[in-house]
Amino acid sequence: VPENKPLPGIRVDALSEEAVLRTGLRPKDVLLQIGSLDLHAPGHTTAETVGFIQKLPAQEAVAVLVERAGREQWLDIVPLTDPKTGLQRFGVNIVSNSERIFQRADDLLQAAGVAVGNIEHQLDAQITALKGLLVFSGGS
């Protein structure tokens with residue numbers, strides 16, 4: 001039975017070469033702190049993190065603690081301002097940081113319950129992402 005074990009931080013999933021040069025972030029970096037937002041405890045959501053970034057002051061660098069290849073380092077990142085919404089963004093794709101683990105189900109009912117929970121979680125994540133896109137693009 002597959003299960004996701006939450007890990008500390010929010011993971012950088014993908015970013016453009018321009019974003020690498022501008023932010024200093026790299027794919028697979030784990031964001032552990034963004035300004036006053038402490039992400040060390042497992043279970044922080046991407047929606048919570050994006051919401052915090054969106055409210056950062058425009059044109060001001062924010063200190064970001066990153067774990068990269070097992071080492072922590074601080075970066076100063078100046079967020080981009082979306083011209084349509086005025087909200088801030090880093091210009092990178094982020095995902096919840098988790099580890100996929102597998103356990104043997106005791107019976108078919110337990111396996112089915114885990115499968116339903118995984119599907120619900122995936123659908124919830126997709127709905128949250130779509131809502132974020134609508135807000136970001138100025139929709140309702």
# chains A, B, ... in the order shown; residues from 1 in each chain; ligands from 1

call {"tool": "select_by_dssp", "arguments": {"residues": "chain A", "states": "strand (DSSP E)", "output": "PyMOL selection string"}}
result
chain A and resi 2-15+30-34+37-38+62-68+71-77+80-81+88-89+92-102

call {"tool": "select_by_dssp", "arguments": {"residues": "stretch 10-127 of chain A", "states": "helix (DSSP H, G or I)", "output": "PyMOL selection string"}}
result
chain A and resi 17-23+46-54+108-127

call {"tool": "residues_around", "arguments": {"residues": "stretch 28-38 of chain A", "least_positions_apart": "5", "cutoff": "6 Å", "atoms": "only C-alpha atoms", "output": "ChimeraX atom specification"}}
result
/A:9-13,62-68

call {"tool": "atom_distance", "arguments": {"atom1": "atom CA of A:Pro8", "atom2": "atom CA of A:Val116"}}
result
25.0 Å

call {"tool": "closest_residue", "arguments": {"among": "A:Arg89, A:Lys84, A:Arg104, A:Arg71", "to": "A:Gln54", "atoms": "only C-alpha atoms"}}
result
A:Arg89

call {"tool": "residues_around", "arguments": {"residues": "A:Ala58", "least_positions_apart": "2", "cutoff": "8 Å", "atoms": "only C-alpha atoms", "output": "list in words"}}
result
Leu56, Glu60, Pro79, Leu80, Thr81 and Gln88 of chain A

call {"tool": "write_last_selection", "arguments": {"atoms": "C-alpha atoms", "output": "short mmCIF file (atom, residue, chain, number, x, y, z; two decimals), in the first residue's frame"}}
result
data_model
loop_
_atom_site.label_atom_id
_atom_site.label_comp_id
_atom_site.auth_asym_id
_atom_site.auth_seq_id
_atom_site.Cartn_x
_atom_site.Cartn_y
_atom_site.Cartn_z
CA LEU A 56 5.24 39.75 0.51
CA GLU A 60 11.91 43.86 -1.37
CA PRO A 79 9.78 38.28 -5.70
CA LEU A 80 8.26 39.17 -9.04
CA THR A 81 5.09 41.27 -9.02
CA GLN A 88 4.12 38.55 -5.50
#

call {"tool": "closest_residue", "arguments": {"among": "A:Gln73, A:Gln110, A:Thr23, A:Gln59", "to": "A:Gly86", "atoms": "only C-alpha atoms"}}
result
A:Gln59

call {"tool": "closest_residue", "arguments": {"among": "A:Asn93, A:His40, A:Ile127, A:Ala61", "to": "A:Val78", "atoms": "only C-alpha atoms"}}
result
A:Ala61

call {"tool": "atom_distance", "arguments": {"atom1": "atom CA of A:Leu87", "atom2": "atom CA of A:Gly132"}}
result
12.0 Å

call {"tool": "atom_distance", "arguments": {"atom1": "atom CA of A:Thr85", "atom2": "atom CA of A:Leu15"}}
result
21.1 Å

call {"tool": "decode", "arguments": {"residues": "stretch 8-114 of chain A", "atoms": "C-alpha atoms", "output": "short mmCIF file (atom, residue, chain, number, x, y, z; two decimals), in the first residue's frame"}}
result
data_model
loop_
_atom_site.label_atom_id
_atom_site.label_comp_id
_atom_site.auth_asym_id
_atom_site.auth_seq_id
_atom_site.Cartn_x
_atom_site.Cartn_y
_atom_site.Cartn_z
CA PRO A 8 9.75 19.26 6.46
CA GLY A 9 9.59 22.11 3.98
CA ILE A 10 8.20 22.74 0.53
CA ARG A 11 10.10 21.31 -2.45
CA VAL A 12 10.99 23.26 -5.60
CA ASP A 13 9.68 21.09 -8.41
CA ALA A 14 10.59 22.95 -11.57
CA LEU A 15 11.79 26.36 -12.67
CA SER A 16 13.07 28.10 -15.75
CA GLU A 17 16.70 28.99 -16.38
CA GLU A 18 15.74 32.64 -15.86
CA ALA A 19 14.28 31.79 -12.43
CA VAL A 20 17.45 29.87 -11.50
CA LEU A 21 19.56 32.91 -12.32
CA ARG A 22 17.20 35.39 -10.64
CA THR A 23 16.45 33.46 -7.43
CA GLY A 24 19.39 31.11 -6.94
CA LEU A 25 16.92 28.26 -6.39
CA ARG A 26 17.45 24.85 -7.99
CA PRO A 27 15.12 21.92 -8.70
CA LYS A 28 14.76 19.67 -5.62
CA ASP A 29 15.70 22.49 -3.21
CA VAL A 30 13.58 22.34 -0.06
CA LEU A 31 12.31 25.69 1.25
CA LEU A 32 12.57 25.61 5.05
CA GLN A 33 11.82 29.25 5.79
CA ILE A 34 10.56 32.22 3.79
CA GLY A 35 10.85 35.43 5.79
CA SER A 36 8.82 34.80 8.95
CA LEU A 37 7.11 31.66 7.56
CA ASP A 38 8.80 28.67 9.23
CA LEU A 39 8.35 25.53 7.13
CA HIS A 40 10.47 23.18 9.28
CA ALA A 41 7.45 21.23 10.57
CA PRO A 42 6.14 18.57 8.16
CA GLY A 43 2.77 19.04 6.51
CA HIS A 44 2.83 22.62 5.23
CA THR A 45 0.78 23.05 2.08
CA THR A 46 1.75 24.65 -1.19
CA ALA A 47 -1.41 26.79 -1.00
CA GLU A 48 -0.32 28.18 2.39
CA THR A 49 3.17 28.88 1.05
CA VAL A 50 1.93 30.52 -2.16
CA GLY A 51 -0.49 32.66 -0.14
CA PHE A 52 2.38 33.86 2.06
CA ILE A 53 4.60 34.66 -0.96
CA GLN A 54 1.78 36.55 -2.67
CA LYS A 55 1.52 38.93 0.31
CA LEU A 56 5.24 39.75 0.51
CA PRO A 57 6.19 43.41 0.02
CA ALA A 58 6.88 44.31 -3.62
CA GLN A 59 10.46 44.98 -4.73
CA GLU A 60 11.91 43.86 -1.37
CA ALA A 61 14.28 40.92 -0.93
CA VAL A 62 13.10 38.18 1.42
CA ALA A 63 15.47 35.81 3.21
CA VAL A 64 14.82 32.19 2.22
CA LEU A 65 16.40 29.21 4.00
CA VAL A 66 16.95 26.35 1.56
CA GLU A 67 18.12 22.78 2.07
CA ARG A 68 20.15 21.67 -0.92
CA ALA A 69 21.88 18.29 -1.07
CA GLY A 70 21.68 17.93 2.72
CA ARG A 71 23.09 21.39 3.51
CA GLU A 72 21.22 24.54 4.54
CA GLN A 73 21.90 27.92 2.97
CA TRP A 74 20.25 31.34 2.95
CA LEU A 75 19.23 33.10 -0.25
CA ASP A 76 17.88 36.63 -0.68
CA ILE A 77 15.10 36.54 -3.27
CA VAL A 78 13.25 39.52 -4.70
CA PRO A 79 9.78 38.28 -5.70
CA LEU A 80 8.26 39.17 -9.04
CA THR A 81 5.09 41.27 -9.02
CA ASP A 82 2.27 40.03 -11.23
CA PRO A 83 1.23 43.05 -13.34
CA LYS A 84 -2.44 42.01 -13.43
CA THR A 85 -2.99 41.19 -9.75
CA GLY A 86 -0.17 42.99 -7.95
CA LEU A 87 0.56 39.74 -6.08
CA GLN A 88 4.12 38.55 -5.50
CA ARG A 89 5.58 35.28 -6.79
CA PHE A 90 8.95 33.56 -7.07
CA GLY A 91 8.26 32.19 -10.57
CA VAL A 92 8.96 28.57 -9.60
CA ASN A 93 6.76 25.48 -9.24
CA ILE A 94 6.58 24.13 -5.69
CA VAL A 95 5.10 20.95 -4.24
CA SER A 96 4.62 19.49 -0.78
CA ASN A 97 7.75 17.74 0.40
CA SER A 98 7.04 14.08 1.07
CA GLU A 99 8.51 10.63 0.80
CA ARG A 100 6.61 7.77 -0.80
CA ILE A 101 6.66 4.68 1.38
CA PHE A 102 5.07 1.29 0.80
CA GLN A 103 3.45 -0.91 3.42
CA ARG A 104 1.71 -4.24 3.04
CA ALA A 105 -2.05 -3.99 3.52
CA ASP A 106 -3.54 -6.32 6.11
CA ASP A 107 -6.55 -7.01 3.91
CA LEU A 108 -8.44 -5.87 0.81
CA LEU A 109 -10.59 -3.43 2.80
CA GLN A 110 -7.51 -1.61 4.13
CA ALA A 111 -5.97 -1.46 0.64
CA ALA A 112 -9.22 -0.06 -0.80
CA GLY A 113 -9.42 2.54 1.97
CA VAL A 114 -5.89 3.71 1.28
#
